[in-house]
$ cat target-v2.cif   # mmCIF, C-alpha atoms and all ligand atoms
data_protein
#
loop_
_atom_site.group_PDB
_atom_site.id
_atom_site.type_symbol
_atom_site.label_atom_id
_atom_site.label_comp_id
_atom_site.auth_asym_id
_atom_site.auth_seq_id
_atom_site.Cartn_x
_atom_site.Cartn_y
_atom_site.Cartn_z
ATOM 1 C CA MET D 1 118.219 123.228 126.319
ATOM 2 C CA GLY D 2 115.672 125.982 125.688
ATOM 3 C CA ARG D 3 113.300 123.556 124.069
ATOM 4 C CA VAL D 4 110.372 124.326 126.322
ATOM 5 C CA TRP D 5 107.879 123.776 123.561
ATOM 6 C CA PHE D 6 108.795 120.177 123.297
ATOM 7 C CA GLU D 7 107.404 118.553 126.292
ATOM 8 C CA ARG D 8 108.064 115.112 124.963
ATOM 9 C CA ARG D 9 105.038 112.968 124.649
ATOM 10 C CA LYS D 10 105.205 109.231 124.604
ATOM 11 C CA LEU D 11 103.237 108.394 121.532
ATOM 12 C CA ALA D 12 101.515 105.073 121.208
ATOM 13 C CA GLY D 13 102.546 103.203 118.094
ATOM 14 C CA GLU D 14 99.109 102.509 116.747
ATOM 15 C CA SER D 15 98.513 101.224 113.279
ATOM 16 C CA PRO D 16 96.101 103.298 111.149
ATOM 17 C CA ARG D 17 95.755 100.551 108.588
ATOM 18 C CA ARG D 18 94.173 98.186 111.022
ATOM 19 C CA ARG D 19 92.125 100.918 112.584
ATOM 20 C CA SER D 20 90.459 101.910 109.299
ATOM 21 C CA ASP D 21 90.018 98.291 108.284
ATOM 22 C CA LEU D 22 88.243 97.520 111.515
ATOM 23 C CA PHE D 23 86.091 100.589 111.209
ATOM 24 C CA LEU D 24 84.850 99.461 107.825
ATOM 25 C CA HIS D 25 84.196 95.900 108.842
ATOM 26 C CA ILE D 26 82.945 96.267 112.365
ATOM 27 C CA TYR D 27 79.220 96.592 111.687
ATOM 28 C CA PRO D 28 77.919 93.379 110.097
ATOM 29 C CA GLY D 29 74.201 94.375 109.994
ATOM 30 C CA ASP D 30 72.865 92.545 113.073
ATOM 31 C CA ASP D 31 73.359 92.864 116.810
ATOM 32 C CA ALA D 32 74.680 89.354 117.507
ATOM 33 C CA GLY D 33 77.252 89.737 114.762
ATOM 34 C CA MET D 34 78.142 93.163 116.109
ATOM 35 C CA LYS D 35 78.839 91.736 119.568
ATOM 36 C CA LYS D 36 81.054 89.036 118.091
ATOM 37 C CA ASN D 37 82.924 91.620 116.056
ATOM 38 C CA LEU D 38 83.465 93.844 119.086
ATOM 39 C CA ILE D 39 85.056 90.938 120.950
ATOM 40 C CA THR D 40 87.286 90.214 117.968
ATOM 41 C CA LEU D 41 88.107 93.912 117.835
ATOM 42 C CA ALA D 42 89.203 93.921 121.470
ATOM 43 C CA VAL D 43 91.404 90.859 120.946
ATOM 44 C CA VAL D 44 92.961 92.355 117.813
ATOM 45 C CA ALA D 45 93.547 95.690 119.564
ATOM 46 C CA LEU D 46 95.290 93.930 122.454
ATOM 47 C CA SER D 47 97.532 91.900 120.178
ATOM 48 C CA LEU D 48 98.327 94.998 118.103
ATOM 49 C CA SER D 49 99.361 97.030 121.114
ATOM 50 C CA ALA D 50 101.592 94.163 122.231
ATOM 51 C CA GLY D 51 103.262 93.970 118.829
ATOM 52 C CA ALA D 52 103.630 97.704 118.252
ATOM 53 C CA ALA D 53 107.050 98.002 119.890
ATOM 54 C CA LEU D 54 108.575 95.688 117.287
ATOM 55 C CA ALA D 55 107.139 97.475 114.260
ATOM 56 C CA ALA D 56 110.194 99.131 112.778
ATOM 57 C CA GLN D 57 109.309 98.725 109.159
ATOM 58 C CA PRO D 58 106.483 99.821 106.885
ATOM 59 C CA VAL D 59 103.151 98.001 107.142
ATOM 60 C CA ASP D 60 100.533 97.511 104.429
ATOM 61 C CA TRP D 61 98.183 100.476 103.986
ATOM 62 C CA GLN D 62 100.160 102.522 106.459
ATOM 63 C CA LEU D 63 98.873 106.103 106.625
ATOM 64 C CA SER D 64 101.087 107.647 109.258
ATOM 65 C CA PHE D 65 104.690 107.514 110.447
ATOM 66 C CA GLN D 66 106.463 104.448 111.748
ATOM 67 C CA PRO D 67 106.740 104.306 115.548
ATOM 68 C CA ALA D 68 109.547 106.535 116.789
ATOM 69 C CA ALA D 69 112.847 104.979 117.856
ATOM 70 C CA THR D 70 114.658 108.233 118.636
ATOM 71 C CA PRO D 71 113.695 111.378 120.620
ATOM 72 C CA ILE D 72 113.933 113.444 117.406
ATOM 73 C CA MET D 73 111.368 111.231 115.678
ATOM 74 C CA GLU D 74 109.101 111.543 118.712
ATOM 75 C CA GLU D 75 109.322 115.318 118.332
ATOM 76 C CA ILE D 76 108.570 115.042 114.604
ATOM 77 C CA ARG D 77 105.479 112.966 115.372
ATOM 78 C CA TRP D 78 104.434 115.447 118.034
ATOM 79 C CA PHE D 79 104.895 118.366 115.620
ATOM 80 C CA GLU D 80 102.838 116.614 112.947
ATOM 81 C CA ARG D 81 99.911 116.228 115.337
ATOM 82 C CA TYR D 82 100.371 119.772 116.613
ATOM 83 C CA THR D 83 100.143 121.260 113.098
ATOM 84 C CA LEU D 84 96.992 119.230 112.431
ATOM 85 C CA TRP D 85 95.272 121.198 115.229
ATOM 86 C CA PHE D 86 95.740 124.287 113.043
ATOM 87 C CA ILE D 87 95.261 122.751 109.613
ATOM 88 C CA ALA D 88 91.979 120.933 110.320
ATOM 89 C CA PRO D 89 90.032 123.910 111.784
ATOM 90 C CA ILE D 90 91.317 126.270 109.064
ATOM 91 C CA THR D 91 90.306 123.843 106.322
ATOM 92 C CA LEU D 92 86.859 123.401 107.857
ATOM 93 C CA LEU D 93 86.433 127.172 108.254
ATOM 94 C CA VAL D 94 87.340 127.818 104.610
ATOM 95 C CA LEU D 95 85.043 125.010 103.483
ATOM 96 C CA ALA D 96 82.160 126.443 105.547
ATOM 97 C CA LEU D 97 82.745 129.962 104.197
ATOM 98 C CA LEU D 98 82.822 128.664 100.620
ATOM 99 C CA ALA D 99 79.610 126.705 101.141
ATOM 100 C CA TRP D 100 77.954 129.733 102.696
ATOM 101 C CA VAL D 101 78.968 132.011 99.817
ATOM 102 C CA ILE D 102 77.886 129.483 97.193
ATOM 103 C CA VAL D 103 74.442 128.981 98.760
ATOM 104 C CA ARG D 104 73.634 132.399 100.205
ATOM 105 C CA TYR D 105 74.954 134.549 97.334
ATOM 106 C CA ARG D 106 74.003 132.478 94.299
ATOM 107 C CA ALA D 107 72.569 134.500 91.418
ATOM 108 C CA SER D 108 68.987 133.312 91.873
ATOM 109 C CA VAL D 109 68.629 134.552 95.470
ATOM 110 C CA ASN D 110 71.051 137.483 95.282
ATOM 111 C CA PRO D 111 70.539 139.070 91.839
ATOM 112 C CA VAL D 112 72.146 142.428 92.775
ATOM 113 C CA PRO D 113 75.672 141.851 94.175
ATOM 114 C CA SER D 114 77.150 144.146 96.825
ATOM 115 C CA ARG D 115 79.762 146.627 95.562
ATOM 116 C CA THR D 116 81.626 146.823 98.906
ATOM 117 C CA SER D 117 85.410 146.632 98.300
ATOM 118 C CA HIS D 118 86.978 147.562 101.675
ATOM 119 C CA ASN D 119 86.353 146.727 105.292
ATOM 120 C CA THR D 120 89.143 147.722 107.671
ATOM 121 C CA VAL D 121 88.153 145.401 110.535
ATOM 122 C CA ILE D 122 88.005 142.332 108.325
ATOM 123 C CA GLU D 123 91.264 143.253 106.597
ATOM 124 C CA VAL D 124 93.077 143.588 109.929
ATOM 125 C CA ILE D 125 91.668 140.237 111.122
ATOM 126 C CA TRP D 126 92.637 138.336 108.009
ATOM 127 C CA THR D 127 96.151 139.768 108.125
ATOM 128 C CA VAL D 128 96.869 139.429 111.837
ATOM 129 C CA GLY D 129 95.165 136.015 112.188
ATOM 130 C CA PRO D 130 97.428 134.169 109.739
ATOM 131 C CA VAL D 131 100.517 135.924 111.142
ATOM 132 C CA VAL D 132 99.679 134.637 114.624
ATOM 133 C CA VAL D 133 99.022 131.131 113.274
ATOM 134 C CA LEU D 134 102.331 131.178 111.386
ATOM 135 C CA LEU D 135 104.181 132.233 114.550
ATOM 136 C CA PHE D 136 102.657 129.308 116.443
ATOM 137 C CA LEU D 137 103.900 127.003 113.670
ATOM 138 C CA ALA D 138 107.269 128.656 113.025
ATOM 139 C CA ILE D 139 108.643 128.720 116.562
ATOM 140 C CA PRO D 140 108.373 124.980 117.334
ATOM 141 C CA SER D 141 109.308 124.204 113.723
ATOM 142 C CA PHE D 142 112.599 126.122 113.936
ATOM 143 C CA GLN D 143 113.327 124.607 117.328
ATOM 144 C CA LEU D 144 112.844 121.127 115.891
ATOM 145 C CA LEU D 145 115.030 121.989 112.896
ATOM 146 C CA THR D 146 117.791 123.218 115.216
ATOM 147 C CA ALA D 147 117.505 120.093 117.370
ATOM 148 C CA GLN D 148 117.857 117.890 114.281
ATOM 149 C CA HIS D 149 121.214 119.532 113.559
ATOM 150 C CA THR D 150 122.455 119.634 117.156
ATOM 151 C CA PRO D 151 123.229 116.376 118.960
ATOM 152 C CA ASP D 152 122.482 116.413 122.688
ATOM 153 C CA GLU D 153 126.028 115.258 123.384
ATOM 154 C CA ASP D 154 129.273 114.558 121.547
ATOM 155 C CA PRO D 155 128.762 111.526 119.327
ATOM 156 C CA ALA D 156 130.407 108.390 120.740
ATOM 157 C CA LEU D 157 130.622 106.762 117.339
ATOM 158 C CA THR D 158 131.009 107.973 113.767
ATOM 159 C CA ILE D 159 129.883 105.886 110.810
ATOM 160 C CA LYS D 160 130.366 106.891 107.211
ATOM 161 C CA ALA D 161 127.786 105.698 104.704
ATOM 162 C CA THR D 162 128.655 105.817 101.014
ATOM 163 C CA GLY D 163 125.883 105.295 98.477
ATOM 164 C CA ASN D 164 126.772 103.284 95.387
ATOM 165 C CA GLN D 165 124.658 102.167 92.458
ATOM 166 C CA TRP D 166 122.998 100.118 94.120
ATOM 167 C CA ASN D 167 124.203 99.305 97.593
ATOM 168 C CA TRP D 168 125.849 100.980 100.571
ATOM 169 C CA ASP D 169 129.367 100.971 101.962
ATOM 170 C CA TYR D 170 129.742 101.560 105.698
ATOM 171 C CA GLU D 171 132.870 102.532 107.560
ATOM 172 C CA TYR D 172 133.110 102.687 111.354
ATOM 173 C CA GLN D 173 135.624 105.443 111.974
ATOM 174 C CA LEU D 174 137.564 103.941 114.854
ATOM 175 C CA ASP D 175 141.267 103.494 115.602
ATOM 176 C CA GLU D 176 140.948 100.255 113.715
ATOM 177 C CA PRO D 177 138.232 101.034 111.177
ATOM 178 C CA VAL D 178 135.642 98.409 110.359
ATOM 179 C CA SER D 179 134.143 98.624 106.900
ATOM 180 C CA PHE D 180 131.831 96.482 104.850
ATOM 181 C CA ASN D 181 129.330 96.562 102.021
ATOM 182 C CA SER D 182 125.610 96.184 102.561
ATOM 183 C CA ALA D 183 123.316 95.095 99.746
ATOM 184 C CA MET D 184 119.745 93.904 99.478
ATOM 185 C CA LEU D 185 119.270 90.328 100.642
ATOM 186 C CA GLN D 186 118.725 88.049 97.647
ATOM 187 C CA GLU D 187 115.907 85.544 98.073
ATOM 188 C CA GLY D 188 118.257 82.657 97.340
ATOM 189 C CA ASP D 189 120.665 83.712 100.107
ATOM 190 C CA ARG D 190 118.213 83.625 103.013
ATOM 191 C CA ALA D 191 119.421 80.280 104.365
ATOM 192 C CA GLN D 192 123.063 81.275 104.098
ATOM 193 C CA PHE D 193 122.481 84.380 106.241
ATOM 194 C CA GLY D 194 120.031 82.712 108.632
ATOM 195 C CA LYS D 195 117.326 85.162 107.569
ATOM 196 C CA GLU D 196 114.431 82.893 106.608
ATOM 197 C CA ASP D 197 111.987 84.757 108.849
ATOM 198 C CA MET D 198 110.057 86.857 106.307
ATOM 199 C CA ALA D 199 108.515 89.088 108.995
ATOM 200 C CA ALA D 200 111.832 90.118 110.519
ATOM 201 C CA TYR D 201 113.664 90.169 107.191
ATOM 202 C CA PRO D 202 111.096 91.371 104.637
ATOM 203 C CA ARG D 203 111.683 91.067 100.904
ATOM 204 C CA LEU D 204 113.223 94.237 99.384
ATOM 205 C CA LEU D 205 114.092 95.684 102.815
ATOM 206 C CA ALA D 206 116.356 93.073 104.401
ATOM 207 C CA VAL D 207 120.074 93.335 103.669
ATOM 208 C CA ASP D 208 123.003 90.948 103.928
ATOM 209 C CA ASN D 209 125.043 93.047 106.405
ATOM 210 C CA GLU D 210 123.236 95.441 108.736
ATOM 211 C CA VAL D 211 124.717 98.492 110.402
ATOM 212 C CA VAL D 212 125.031 97.590 114.099
ATOM 213 C CA VAL D 213 124.901 100.353 116.706
ATOM 214 C CA PRO D 214 124.616 100.395 120.508
ATOM 215 C CA VAL D 215 121.344 101.559 122.086
ATOM 216 C CA ASP D 216 121.146 104.966 123.853
ATOM 217 C CA THR D 217 124.291 106.145 122.102
ATOM 218 C CA THR D 218 124.655 109.247 119.985
ATOM 219 C CA VAL D 219 125.881 108.208 116.557
ATOM 220 C CA ARG D 220 127.175 110.611 113.941
ATOM 221 C CA MET D 221 126.437 109.595 110.352
ATOM 222 C CA LEU D 222 128.615 110.977 107.588
ATOM 223 C CA VAL D 223 126.887 110.485 104.265
ATOM 224 C CA THR D 224 128.354 110.651 100.793
ATOM 225 C CA ALA D 225 128.132 108.883 97.434
ATOM 226 C CA SER D 226 130.582 107.375 94.980
ATOM 227 C CA ASP D 227 128.707 107.777 91.714
ATOM 228 C CA VAL D 228 125.368 109.612 91.595
ATOM 229 C CA LEU D 229 123.025 111.244 94.113
ATOM 230 C CA HIS D 230 121.519 108.899 96.705
ATOM 231 C CA ALA D 231 119.887 109.682 100.050
ATOM 232 C CA PHE D 232 120.280 107.981 103.399
ATOM 233 C CA ALA D 233 116.921 107.743 105.156
ATOM 234 C CA MET D 234 115.717 105.953 108.282
ATOM 235 C CA PRO D 235 112.052 106.788 108.997
ATOM 236 C CA ALA D 236 111.917 105.450 112.564
ATOM 237 C CA PHE D 237 114.925 107.637 113.469
ATOM 238 C CA GLY D 238 113.584 110.766 111.739
ATOM 239 C CA ILE D 239 116.670 111.176 109.544
ATOM 240 C CA LYS D 240 117.010 111.707 105.803
ATOM 241 C CA VAL D 241 120.105 113.213 104.261
ATOM 242 C CA ASP D 242 121.358 113.510 100.695
ATOM 243 C CA ALA D 243 124.362 111.461 99.638
ATOM 244 C CA VAL D 244 126.276 113.653 97.198
ATOM 245 C CA PRO D 245 129.439 112.596 95.321
ATOM 246 C CA GLY D 246 132.422 114.709 96.422
ATOM 247 C CA ARG D 247 130.670 116.085 99.471
ATOM 248 C CA VAL D 248 130.180 114.781 102.998
ATOM 249 C CA ASN D 249 126.857 115.495 104.705
ATOM 250 C CA GLU D 250 126.320 114.911 108.370
ATOM 251 C CA THR D 251 123.415 113.841 110.554
ATOM 252 C CA TRP D 252 123.020 112.064 113.882
ATOM 253 C CA PHE D 253 120.677 109.821 115.814
ATOM 254 C CA LYS D 254 120.306 108.348 119.246
ATOM 255 C CA ALA D 255 118.197 105.205 119.100
ATOM 256 C CA THR D 256 116.511 104.492 122.402
ATOM 257 C CA LYS D 257 114.848 101.183 121.501
ATOM 258 C CA GLU D 258 116.616 97.993 120.533
ATOM 259 C CA GLY D 259 115.422 96.467 117.298
ATOM 260 C CA LEU D 260 115.982 96.128 113.584
ATOM 261 C CA TYR D 261 115.052 99.214 111.584
ATOM 262 C CA TYR D 262 114.610 99.586 107.851
ATOM 263 C CA GLY D 263 114.975 102.520 105.492
ATOM 264 C CA GLN D 264 115.621 103.004 101.797
ATOM 265 C CA CYS D 265 117.646 105.113 99.436
ATOM 266 C CA SER D 266 115.455 108.177 98.994
ATOM 267 C CA GLU D 267 116.864 109.860 95.917
ATOM 268 C CA LEU D 268 116.119 108.499 92.469
ATOM 269 C CA CYS D 269 119.520 107.068 91.551
ATOM 270 C CA GLY D 270 119.006 104.749 88.627
ATOM 271 C CA LYS D 271 117.335 101.542 87.641
ATOM 272 C CA ASP D 272 117.861 99.736 90.961
ATOM 273 C CA HIS D 273 117.030 102.716 93.164
ATOM 274 C CA ALA D 274 114.219 100.738 94.744
ATOM 275 C CA PHE D 275 116.573 97.879 95.594
ATOM 276 C CA MET D 276 119.182 99.431 97.881
ATOM 277 C CA PRO D 277 117.606 99.264 101.331
ATOM 278 C CA ILE D 278 119.200 100.415 104.581
ATOM 279 C CA ALA D 279 119.051 98.313 107.738
ATOM 280 C CA ILE D 280 120.236 99.375 111.186
ATOM 281 C CA ARG D 281 120.275 96.971 114.105
ATOM 282 C CA VAL D 282 120.189 98.627 117.520
ATOM 283 C CA VAL D 283 121.580 96.319 120.215
ATOM 284 C CA ALA D 284 122.778 96.401 123.832
ATOM 285 C CA ALA D 285 126.221 97.941 124.395
ATOM 286 C CA ASP D 286 127.946 94.612 125.209
ATOM 287 C CA GLN D 287 126.432 92.927 122.151
ATOM 288 C CA TYR D 288 127.720 95.779 120.020
ATOM 289 C CA GLU D 289 131.223 95.482 121.511
ATOM 290 C CA GLY D 290 131.226 91.747 120.862
ATOM 291 C CA TRP D 291 130.118 92.236 117.269
ATOM 292 C CA LEU D 292 132.671 94.988 116.649
ATOM 293 C CA GLN D 293 135.599 92.938 117.921
ATOM 294 C CA THR D 294 134.866 90.050 115.605
ATOM 295 C CA ALA D 295 133.640 92.168 112.673
ATOM 296 C CA ALA D 296 137.100 93.458 111.757
ATOM 297 C CA THR D 297 138.368 89.975 110.952
ATOM 298 C CA ASP D 298 135.290 87.779 110.530
ATOM 299 C CA LEU D 299 132.203 89.750 109.501
ATOM 300 C CA ASP D 300 129.940 86.743 108.851
ATOM 301 C CA GLY D 301 130.944 85.202 112.181
ATOM 302 C CA ALA D 302 130.249 88.494 113.978
ATOM 303 C CA TYR D 303 126.688 88.588 112.602
ATOM 304 C CA ARG D 304 126.087 84.914 113.358
ATOM 305 C CA THR D 305 127.156 85.372 117.003
ATOM 306 C CA LEU D 306 125.110 88.546 117.354
ATOM 307 C CA MET D 307 121.962 86.980 115.878
ATOM 308 C CA ALA D 308 122.359 83.936 118.126
ATOM 309 C CA GLU D 309 122.651 86.227 121.178
ATOM 310 C CA ILE D 310 119.526 88.133 120.178
ATOM 311 C CA GLU D 311 117.581 84.892 119.604
ATOM 312 C CA GLU D 312 118.655 83.639 123.020
ATOM 313 C CA GLN D 313 117.564 86.920 124.605
ATOM 314 C CA LYS D 314 114.135 86.614 122.927
ATOM 315 C CA THR D 315 113.715 83.043 124.169
ATOM 316 C CA GLU D 316 114.640 84.118 127.704
ATOM 317 C CA VAL D 317 112.135 86.991 127.604
ATOM 318 C CA ALA D 318 109.436 84.662 126.268
ATOM 319 C CA ALA D 319 110.212 82.087 128.981
ATOM 320 C CA ALA D 320 110.160 84.762 131.696
ATOM 321 C CA GLY D 321 106.777 85.951 130.411
ATOM 322 C CA GLN D 322 105.092 82.547 130.889
HETATM 323 CU CU CU Z 401 120.357 105.310 95.637
#
$ encode --input "target-v2.cif" --output "structure tokens"
Amino acid sequence: MGRVWFERRKLAGESPRRRSDLFLHIYPGDDAGMKKNLITLAVVALSLSAGAALAAQPVDWQLSFQPAATPIMEEIRWFERYTLWFIAPITLLVLALLAWVIVRYRASVNPVPSRTSHNTVIEVIWTVGPVVVLLFLAIPSFQLLTAQHTPDEDPALTIKATGNQWNWDYEYQLDEPVSFNSAMLQEGDRAQFGKEDMAAYPRLLAVDNEVVVPVDTTVRMLVTASDVLHAFAMPAFGIKVDAVPGRVNETWFKATKEGLYYGQCSELCGKDHAFMPIAIRVVAADQYEGWLQTAATDLDGAYRTLMAEIEEQKTEVAAAGQ
């Protein structure tokens, strides 16, 4: 593979929002209160770490990325942290130099400024230093860029997404193609679709018909548009690609965690741009096969069966855990 730089790191899906909140509220002003808060903190931290695997949608006050659901997104998260190791020290160094110059060379203590205009050593350092830093950033960056355009294996499934004002058409490119439209779930339709759970099917992100894909499978996405520019984006998968009328763009993903993932159109496309979400449900291979077989003739029935299977699975897991 030649991607030696990317020793993949399993990154914990922590939630910055809660972390900063807790930091602000942890010290109540007295020791007894502090102890109580620390216990609460521990309980909250435990429950957060347990829930992190399911977080496949934005959370309030989120500061960082969503937890990764594909190897590419894990690499993106790794690269973001890696670049911070360069950005933070450089910013602090520049800040310190500025402060030093402002204080040490202010007019009142340094009335006669130096007239020095060249210093070879310093000039070599400030040329070579940034070049080295840029090399350290460029090499893993280009490797990540290449990886994003190169699937690990031949895609087992191709899905075409067509952006419309303001919903998406999906077409599974199989011998017997399956195609359907996916639009934002209307509040009044929750009961009809069995999507009353506001946490799993959040307002403005939930859709009527999700894209269903099997887990651990390389999926090719062909992306286009029927009217104006849109963009197909799925943060947890690390993909974002323009949907351009008359042109077919391509991307791919391999989701390694089952779950329901949300994205949004990411190109300003008109008045309802904010109301054409994208939802992808990653399920076990047999669940996907079952859904696909029914979907061609009875789409609603296919979703109902699939959702019932997933519910049953959850109940079994919960029962096994007790
Ligand atoms: Cu759009």
$ closest_residue --input "target-v2.cif" --among "D:Trp252, D:Trp168, D:Phe79, D:Tyr201" --to "ligand CU 401 (chain Z)" --atoms "all atoms listed in the file"
D:Trp168
$ resolve_selection --input "target-v2.cif" --expression "the PyMOL selection byres (((chain D and resi 247) around 10) and not hetatm)" --output "ChimeraX atom specification"
/D:222-226,242-246,248-250
$ residues_near_ligand --input "target-v2.cif" --ligand "ligand CU 401 (chain Z)" --cutoff "10 Å" --atoms "only C-alpha atoms and all ligand atoms" --output "number ranges by chain"
D: 162-168, 225, 227-232, 242-243, 264-277
$ atom_distance --input "target-v2.cif" --atom1 "CA of Glu311 in chain D" --atom2 "CA of Glu258 in chain D"
13.2 Å
$ closest_residue --input "target-v2.cif" --among "D:Asn110, D:Thr251, D:Thr158, D:Gln186" --to "Leu145 in chain D" --atoms "all atoms listed in the file"
D:Thr251
$ atom_distance --input "target-v2.cif" --atom1 "CA of Val282 in chain D" --atom2 "CA of Pro140 in chain D"
28.9 Å
$ closest_residue --input "target-v2.cif" --among "D:Val103, D:Phe86, D:Leu92, D:Val109" --to "Val132 in chain D" --atoms "only C-alpha atoms"
D:Phe86
$ atom_distance --input "target-v2.cif" --atom1 "CA of Met307 in chain D" --atom2 "CA of Ile239 in chain D"
25.6 Å
$ residues_around --input "target-v2.cif" --residues "Glu153 in chain D" --least-positions-apart "5" --cutoff "10 Å" --atoms "all atoms listed in the file" --output "short mmCIF file (atom, residue, chain, number, x, y, z; two decimals) with C-alpha atoms, in the frame of the given file"
data_model
loop_
_atom_site.label_atom_id
_atom_site.label_comp_id
_atom_site.auth_asym_id
_atom_site.auth_seq_id
_atom_site.Cartn_x
_atom_site.Cartn_y
_atom_site.Cartn_z
CA THR D 217 124.29 106.14 122.10
CA THR D 218 124.66 109.25 119.98
CA VAL D 219 125.88 108.21 116.56
CA LYS D 254 120.31 108.35 119.25
#
$ resolve_selection --input "target-v2.cif" --expression "the PyMOL selection byres (((chain D and resi 216) around 12) and not hetatm)" --output "VMD selection string"
chain D and resid 69 to 71 152 to 153 155 to 157 213 to 215 217 to 219 253 to 258 282 to 285 288
$ closest_residue --input "target-v2.cif" --among "D:Gly290, D:Met73, D:Arg190, D:Leu174" --to "Glu309 in chain D" --atoms "all atoms listed in the file"
D:Gly290
